[in-house]
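Here is work_25.cif, consisting of mmCIF, C-alpha atoms:
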data_my_file
loop_
_atom_site.label_atom_id
_atom_site.label_comp_id
_atom_site.auth_asym_id
_atom_site.auth_seq_id
_atom_site.Cartn_x
_atom_site.Cartn_y
_atom_site.Cartn_z
CA MET A 1 116.52 -61.06 -19.80
CA ASN A 2 120.24 -61.57 -20.25
CA ARG A 3 122.29 -59.89 -22.94
CA SER A 4 122.85 -62.95 -25.17
CA ARG A 5 119.11 -63.67 -25.30
CA LYS A 6 118.39 -60.05 -26.32
CA ILE A 7 121.00 -60.24 -29.09
CA ALA A 8 119.57 -63.55 -30.34
CA ILE A 9 116.04 -62.09 -30.48
CA ILE A 10 117.20 -58.97 -32.35
CA ILE A 11 119.19 -61.04 -34.87
CA SER A 12 116.19 -63.36 -35.40
CA LEU A 13 113.88 -60.40 -36.02
CA ILE A 14 116.28 -58.81 -38.50
CA LEU A 15 116.80 -62.09 -40.38
CA GLY A 16 113.05 -62.66 -40.46
CA LEU A 17 112.47 -59.16 -41.80
CA PHE A 18 114.82 -59.74 -44.73
CA THR A 19 113.76 -63.29 -45.59
CA PHE A 20 109.96 -63.14 -45.64
CA LYS A 21 108.45 -62.06 -48.96
CA THR A 22 105.96 -59.93 -47.03
CA PHE A 23 108.84 -57.61 -46.20
CA SER A 24 110.75 -58.12 -49.45
CA LEU A 25 113.18 -55.42 -50.42
CA GLY A 26 116.16 -54.60 -52.56
CA ALA A 27 119.40 -53.38 -51.05
CA GLY A 28 122.31 -51.86 -52.90
CA PHE A 29 124.30 -48.75 -53.66
CA GLN A 30 124.36 -45.91 -56.14
CA VAL A 31 126.97 -43.41 -57.27
CA GLY A 32 126.23 -40.03 -58.71
CA LEU A 33 127.61 -36.85 -60.20
CA ILE A 34 125.80 -33.74 -59.01
CA PRO A 35 126.18 -30.39 -60.78
CA ALA A 36 124.42 -27.60 -58.89
CA PHE A 37 123.12 -24.19 -59.91
CA ASP A 38 123.10 -21.44 -57.26
CA ILE A 39 120.26 -18.97 -57.66
CA ASN A 40 120.23 -15.55 -55.99
CA GLN A 41 118.89 -12.07 -56.73
CA ASP A 42 121.87 -11.19 -58.95
CA ASN A 43 122.43 -14.24 -61.15
CA ILE A 44 122.39 -17.99 -61.69
CA LYS A 45 125.79 -19.69 -61.66
CA LEU A 46 127.21 -23.19 -61.98
CA ASP A 47 130.03 -23.12 -59.43
CA ASP A 48 129.21 -26.23 -57.48
CA PHE A 49 129.91 -29.85 -58.21
CA GLU A 50 129.51 -32.87 -55.94
CA THR A 51 129.75 -36.61 -56.14
CA ASN A 52 128.08 -39.16 -53.90
CA ILE A 53 127.95 -42.79 -52.93
CA THR A 54 124.69 -43.85 -51.33
CA GLY A 55 123.31 -47.02 -49.80
CA THR A 56 119.73 -47.65 -50.93
CA LEU A 57 116.78 -49.79 -49.88
CA LYS A 58 113.89 -50.39 -52.27
CA LEU A 59 110.59 -51.43 -50.70
CA PHE A 60 107.98 -53.46 -52.58
CA ARG A 61 104.74 -53.32 -50.63
CA ILE A 62 105.06 -49.54 -50.58
CA PRO A 63 106.59 -48.39 -53.89
CA GLY A 64 109.41 -46.42 -52.38
CA THR A 65 113.14 -46.08 -51.99
CA LEU A 66 115.25 -44.90 -49.06
CA GLY A 67 118.86 -43.79 -49.25
CA LEU A 68 121.65 -42.48 -47.03
CA GLY A 69 125.13 -41.67 -48.23
CA LEU A 70 128.28 -39.62 -48.33
CA ASN A 71 128.64 -36.47 -50.46
CA ILE A 72 131.95 -34.85 -51.39
CA GLY A 73 132.16 -31.70 -53.46
CA LYS A 74 133.41 -28.23 -54.24
CA GLU A 75 131.51 -24.97 -53.82
CA ASN A 76 133.27 -21.89 -55.20
CA SER A 77 136.74 -22.37 -53.65
CA LEU A 78 135.58 -24.42 -50.64
CA TYR A 79 135.50 -28.19 -50.32
CA LEU A 80 132.45 -29.92 -48.83
CA LEU A 81 131.94 -33.20 -47.00
CA GLY A 82 128.76 -34.52 -45.46
CA LEU A 83 125.77 -36.84 -45.33
CA ALA A 84 122.72 -36.80 -47.57
CA GLY A 85 119.50 -38.77 -47.34
CA PHE A 86 116.31 -39.17 -49.30
CA ILE A 87 112.93 -40.86 -49.29
CA ASP A 88 111.28 -41.44 -52.69
CA TYR A 89 107.81 -42.55 -53.69
CA TRP A 90 107.43 -44.14 -57.12
CA THR A 91 104.29 -42.86 -58.87
CA ILE A 92 105.06 -44.52 -62.23
CA ASP A 93 106.63 -47.95 -62.78
CA TYR A 94 106.01 -48.98 -66.39
CA GLN A 95 107.34 -52.13 -68.05
CA ILE A 96 108.80 -51.37 -71.48
CA LYS A 97 109.96 -54.85 -72.44
CA ASN A 98 110.40 -58.00 -70.32
CA THR A 99 112.79 -56.88 -67.56
CA TRP A 100 113.33 -53.30 -68.76
CA ASN A 101 111.26 -50.70 -66.90
CA ILE A 102 110.91 -46.94 -66.73
CA TYR A 103 109.96 -45.24 -63.47
CA SER A 104 109.31 -41.79 -62.08
CA GLY A 105 108.20 -40.18 -58.86
CA CYS A 106 108.92 -37.64 -56.17
CA GLY A 107 110.41 -37.52 -52.72
CA ILE A 108 112.18 -35.44 -50.12
CA TYR A 109 115.92 -34.76 -49.79
CA SER A 110 118.08 -33.49 -46.95
CA LYS A 111 121.81 -32.87 -46.71
CA PHE A 112 124.22 -31.87 -43.90
CA MET A 113 127.59 -30.60 -45.13
CA VAL A 114 130.74 -29.19 -43.49
CA THR A 115 132.86 -26.81 -45.59
CA SER A 116 136.66 -26.60 -45.59
CA ASN A 117 136.45 -23.40 -43.50
CA SER A 118 134.44 -25.30 -40.80
CA LYS A 119 131.00 -23.91 -41.61
CA LEU A 120 127.89 -26.05 -41.48
CA GLN A 121 125.31 -26.13 -44.29
CA ILE A 122 121.88 -27.73 -44.11
CA SER A 123 119.83 -28.33 -47.27
CA LEU A 124 116.23 -29.47 -47.65
CA GLY A 125 114.02 -29.84 -50.70
CA PRO A 126 111.79 -32.02 -52.86
CA ARG A 127 113.11 -34.58 -55.38
CA PHE A 128 111.66 -35.31 -58.81
CA PHE A 129 113.23 -38.25 -60.61
CA LEU A 130 113.01 -40.19 -63.88
CA GLY A 131 114.93 -43.39 -64.50
CA CYS A 132 115.03 -46.82 -66.05
CA ASN A 133 116.05 -50.16 -64.61
CA TRP A 134 116.94 -53.62 -65.87
CA LEU A 135 116.41 -56.79 -63.86
CA PHE A 136 118.67 -59.84 -64.26
CA LEU A 137 118.88 -63.40 -62.89
CA ASP A 138 115.15 -63.93 -62.27
CA ASN A 139 114.72 -60.37 -60.93
CA TYR A 140 117.44 -60.84 -58.33
CA ILE A 141 119.85 -58.14 -59.59
CA GLU A 142 118.66 -54.67 -60.62
CA PHE A 143 120.81 -52.18 -62.53
CA TYR A 144 119.37 -48.68 -62.79
CA THR A 145 120.19 -45.17 -63.92
CA GLN A 146 118.25 -42.01 -63.20
CA ILE A 147 118.26 -38.24 -63.42
CA THR A 148 116.85 -36.17 -60.60
CA THR A 149 115.96 -32.52 -60.10
CA ILE A 150 116.29 -31.27 -56.54
CA PRO A 151 115.42 -27.62 -55.84
CA THR A 152 116.77 -27.03 -52.32
CA TYR A 153 116.99 -24.29 -49.78
CA VAL A 154 120.52 -24.16 -48.38
CA ARG A 155 121.06 -22.58 -44.98
CA ASN A 156 124.54 -21.67 -43.73
CA ILE A 157 124.26 -22.09 -39.96
CA SER A 158 127.45 -20.16 -39.09
CA ASP A 159 126.64 -16.86 -40.80
CA ARG A 160 122.83 -17.32 -40.95
CA THR A 161 122.55 -16.85 -44.70
CA GLY A 162 120.48 -18.87 -47.09
CA PHE A 163 120.08 -19.35 -50.81
CA ILE A 164 118.31 -21.50 -53.38
CA ARG A 165 120.26 -24.21 -55.20
CA VAL A 166 119.05 -26.59 -57.91
CA ASN A 167 120.92 -29.91 -57.93
CA ILE A 168 120.63 -32.17 -60.97
CA PRO A 169 122.16 -35.55 -60.02
CA PHE A 170 122.95 -38.21 -62.61
CA GLU A 171 122.93 -41.47 -60.65
CA THR A 172 123.46 -45.11 -61.42
CA GLY A 173 123.29 -48.08 -59.09
CA LEU A 174 122.94 -51.76 -58.40
CA ARG A 175 120.50 -53.52 -56.07
CA PHE A 176 120.09 -57.11 -54.93
CA HIS A 177 116.51 -58.19 -54.24
CA TYR A 178 115.59 -60.51 -51.39
#

Just dump the structure as structure tokens.
Amino acid sequence: MNRSRKIAIIISLILGLFTFKTFSLGAGFQVGLIPAFDINQDNIKLDDFETNITGTLKLFRIPGTLGLGLNIGKENSLYLLGLAGFIDYWTIDYQIKNTWNIYSGCGIYSKFMVTSNSKLQISLGPRFFLGCNWLFLDNYIEFYTQITTIPTYVRNISDRTGFIRVNIPFETGLRFHY
């Protein structure tokens, strides 16, 4: 099969995936502010602060959300930059009034960060979230805000140390539903 035919088939499959209601989804972005508490044997301290911008996909047949984005932050005196991703499963989606809903659920979170002194950090943990959303223009546009608790294990690859951190992101976003 020649290259142009392969490209045409791939584009047709992608367009079909996003246009059929069987595979309906919402795509958008969210921004967040993430204070973090470091927990070790000596104390609990709030020295970390991050911000993120994340692309999200909301699935409808399976009540879930996927996200991948960029995190920028400060830990003690070091600056951080990296990628973070999550997979969420909505266990509660309750309609309060017309197009105003409240939702909650759990998921998994992972983050890969590089510090300003060239050390690599890997984080992994569960997510527990609570939020509300509003749908506009015949459920085409969704505005949402949520708070999440993410207890993570952070592993510094360079010096082989690890610690527990609790992130509490405040996130808001916008999705367009297809």

query: A:Gly26, A:Gly67, A:Gly73, A:Pro151: which is nearest A:Ser116, counting all atoms listed in the file?
result: A:Gly73

message: Restricting the calculation to all atoms listed in the file: of A:Arg175, A:Lys45, A:Arg61, A:Lys74, which residue gets closest to A:Ile141?
response: A:Arg175

Do you have, as JSON lines, the list of residues of stretch 50-137 of chain A lying at most 12 Å from stretch 156-168 of chain A, each with its nearest atom pair and that distance in Å to one decimal, counting all atoms listed in the file and ordered by chain then number?
{"residue": "A:Glu50", "atom": "CA", "partner": "A:Asn167", "partner_atom": "CA", "distance": 9.3}
{"residue": "A:Thr51", "atom": "CA", "partner": "A:Asn167", "partner_atom": "CA", "distance": 11.2}
{"residue": "A:Glu75", "atom": "CA", "partner": "A:Arg165", "partner_atom": "CA", "distance": 11.4}
{"residue": "A:Tyr109", "atom": "CA", "partner": "A:Asn167", "partner_atom": "CA", "distance": 10.7}
{"residue": "A:Ser110", "atom": "CA", "partner": "A:Asn167", "partner_atom": "CA", "distance": 11.9}
{"residue": "A:Lys111", "atom": "CA", "partner": "A:Asn167", "partner_atom": "CA", "distance": 11.6}
{"residue": "A:Phe112", "atom": "CA", "partner": "A:Asn156", "partner_atom": "CA", "distance": 10.2}
{"residue": "A:Met113", "atom": "CA", "partner": "A:Asn156", "partner_atom": "CA", "distance": 9.5}
{"residue": "A:Val114", "atom": "CA", "partner": "A:Asn156", "partner_atom": "CA", "distance": 9.7}
{"residue": "A:Thr115", "atom": "CA", "partner": "A:Asn156", "partner_atom": "CA", "distance": 10.0}
{"residue": "A:Asn117", "atom": "CA", "partner": "A:Ser158", "partner_atom": "CA", "distance": 10.5}
{"residue": "A:Ser118", "atom": "CA", "partner": "A:Ser158", "partner_atom": "CA", "distance": 8.8}
{"residue": "A:Lys119", "atom": "CA", "partner": "A:Ser158", "partner_atom": "CA", "distance": 5.7}
{"residue": "A:Leu120", "atom": "CA", "partner": "A:Ile157", "partner_atom": "CA", "distance": 5.6}
{"residue": "A:Gln121", "atom": "CA", "partner": "A:Asn156", "partner_atom": "CA", "distance": 4.6}
{"residue": "A:Ile122", "atom": "CA", "partner": "A:Asn156", "partner_atom": "CA", "distance": 6.6}
{"residue": "A:Ser123", "atom": "CA", "partner": "A:Asn156", "partner_atom": "CA", "distance": 8.9}
{"residue": "A:Leu124", "atom": "CA", "partner": "A:Ile164", "partner_atom": "CA", "distance": 10.0}
{"residue": "A:Gly125", "atom": "CA", "partner": "A:Val166", "partner_atom": "CA", "distance": 9.4}
{"residue": "A:Pro126", "atom": "CA", "partner": "A:Val166", "partner_atom": "CA", "distance": 10.4}
{"residue": "A:Arg127", "atom": "CA", "partner": "A:Asn167", "partner_atom": "CA", "distance": 9.5}
{"residue": "A:Phe128", "atom": "CA", "partner": "A:Ile168", "partner_atom": "CA", "distance": 9.7}
{"residue": "A:Phe129", "atom": "CA", "partner": "A:Ile168", "partner_atom": "CA", "distance": 9.6}
{"residue": "A:Leu130", "atom": "CA", "partner": "A:Ile168", "partner_atom": "CA", "distance": 11.4}

Point-to-point distance in Å for atom CA of A:Ile44 and atom CA of A:Ser104: 27.2 Å

query: Do you have the atom CA of A:Gly69-atom CA of A:Gly32 distance handy?
result: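 Distance reported for this atom pair: 10.7 Å.
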
task: May I ask which of the residues A:Thr65, A:Asn71, A:Gln30, A:Asn139 is the closest one to A:Phe49, counting only C-alpha atoms?
output: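 Going through A:Thr65, A:Asn71, A:Gln30, A:Asn139 one by one, the smallest distance to A:Phe49 is for A:Asn71.
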
message: Can you measure atom CA of A:Ala36 to atom CA of A:Pro169 for me? One decimal in Å is fine.
response: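 Straight-line distance from atom CA of A:Ala36 to atom CA of A:Pro169 works out to 8.3 Å.
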
message: Here's the selection I'm unsure about, the PyMOL selection byres ((chain A and resi 59) around 8); applied to the file above, which residues does it give, as a VMD selection string?
response: chain A and resid 23 to 26 57 to 58 60 to 65

message: Give me, as a PyMOL selection string, all polymer residues having an atom no more than 7 Å from A:Ile72, counting only C-alpha atoms and skipping those fewer than 2 positions away in the same chain.
response: chain A and resi 50-52+70+80-82

Same residues, C-alpha atoms, output as a CSV table (one decimal), in the coordinates of the input:
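What landed in again22.csv:
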chain,number,residue,atom,x,y,z
A,50,GLU,CA,129.5,-32.9,-55.9
A,51,THR,CA,129.8,-36.6,-56.1
A,52,ASN,CA,128.1,-39.2,-53.9
A,70,LEU,CA,128.3,-39.6,-48.3
A,80,LEU,CA,132.4,-29.9,-48.8
A,81,LEU,CA,131.9,-33.2,-47.0
A,82,GLY,CA,128.8,-34.5,-45.5

Size and centre in Å, one decimal, axis-aligned box, all listed stretch 99-110 of chain A atoms plus 8 Å per side, as JSON:
{"center_x": 113.1, "center_y": -45.2, "center_z": -57.9, "size_x": 25.9, "size_y": 39.4, "size_z": 37.8}

- request: Write out as a ChimeraX atom specification which residues come within 8 Å of A:Asp93 when counting only C-alpha atoms, dropping same-chain ones fewer than 5 positions away.
  value: /A:101-104

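Between A:Thr99 and the residues A:Val154, A:Cys132, A:Leu33, A:Ile14, the shortest atom-to-atom distance, using all atoms listed in the file, involves A:Cys132.
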
- request: Considering only C-alpha atoms, state which residue in the set A:Asn76, A:Tyr178, A:Ser4, A:Ile147 is at the smallest distance from A:Val31.
  value: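 So, comparing all the options, the nearest one is A:Ile147.
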
Near A:Asn98, within 12 Å and counting only C-alpha atoms, which residues show up once chain neighbours fewer than 6 positions away are dropped, as a PDB file with C-alpha atoms, in the coordinates of the input?
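Produced file around-v6.pdb, reproduced below:
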ATOM      1  CA  ASN A 133     116.050 -50.160 -64.610  1.00  0.00           C
ATOM      2  CA  TRP A 134     116.940 -53.620 -65.870  1.00  0.00           C
ATOM      3  CA  LEU A 135     116.410 -56.790 -63.860  1.00  0.00           C
ATOM      4  CA  PHE A 136     118.670 -59.840 -64.260  1.00  0.00           C
ATOM      5  CA  ASP A 138     115.150 -63.930 -62.270  1.00  0.00           C
ATOM      6  CA  ASN A 139     114.720 -60.370 -60.930  1.00  0.00           C
TER       7      ASN A 139
END

Counting only C-alpha atoms, the residue of A:His177, A:Gly105, A:Leu13, A:Thr56 that sits nearest A:Trp90: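 Nearest to A:Trp90: A:Gly105.
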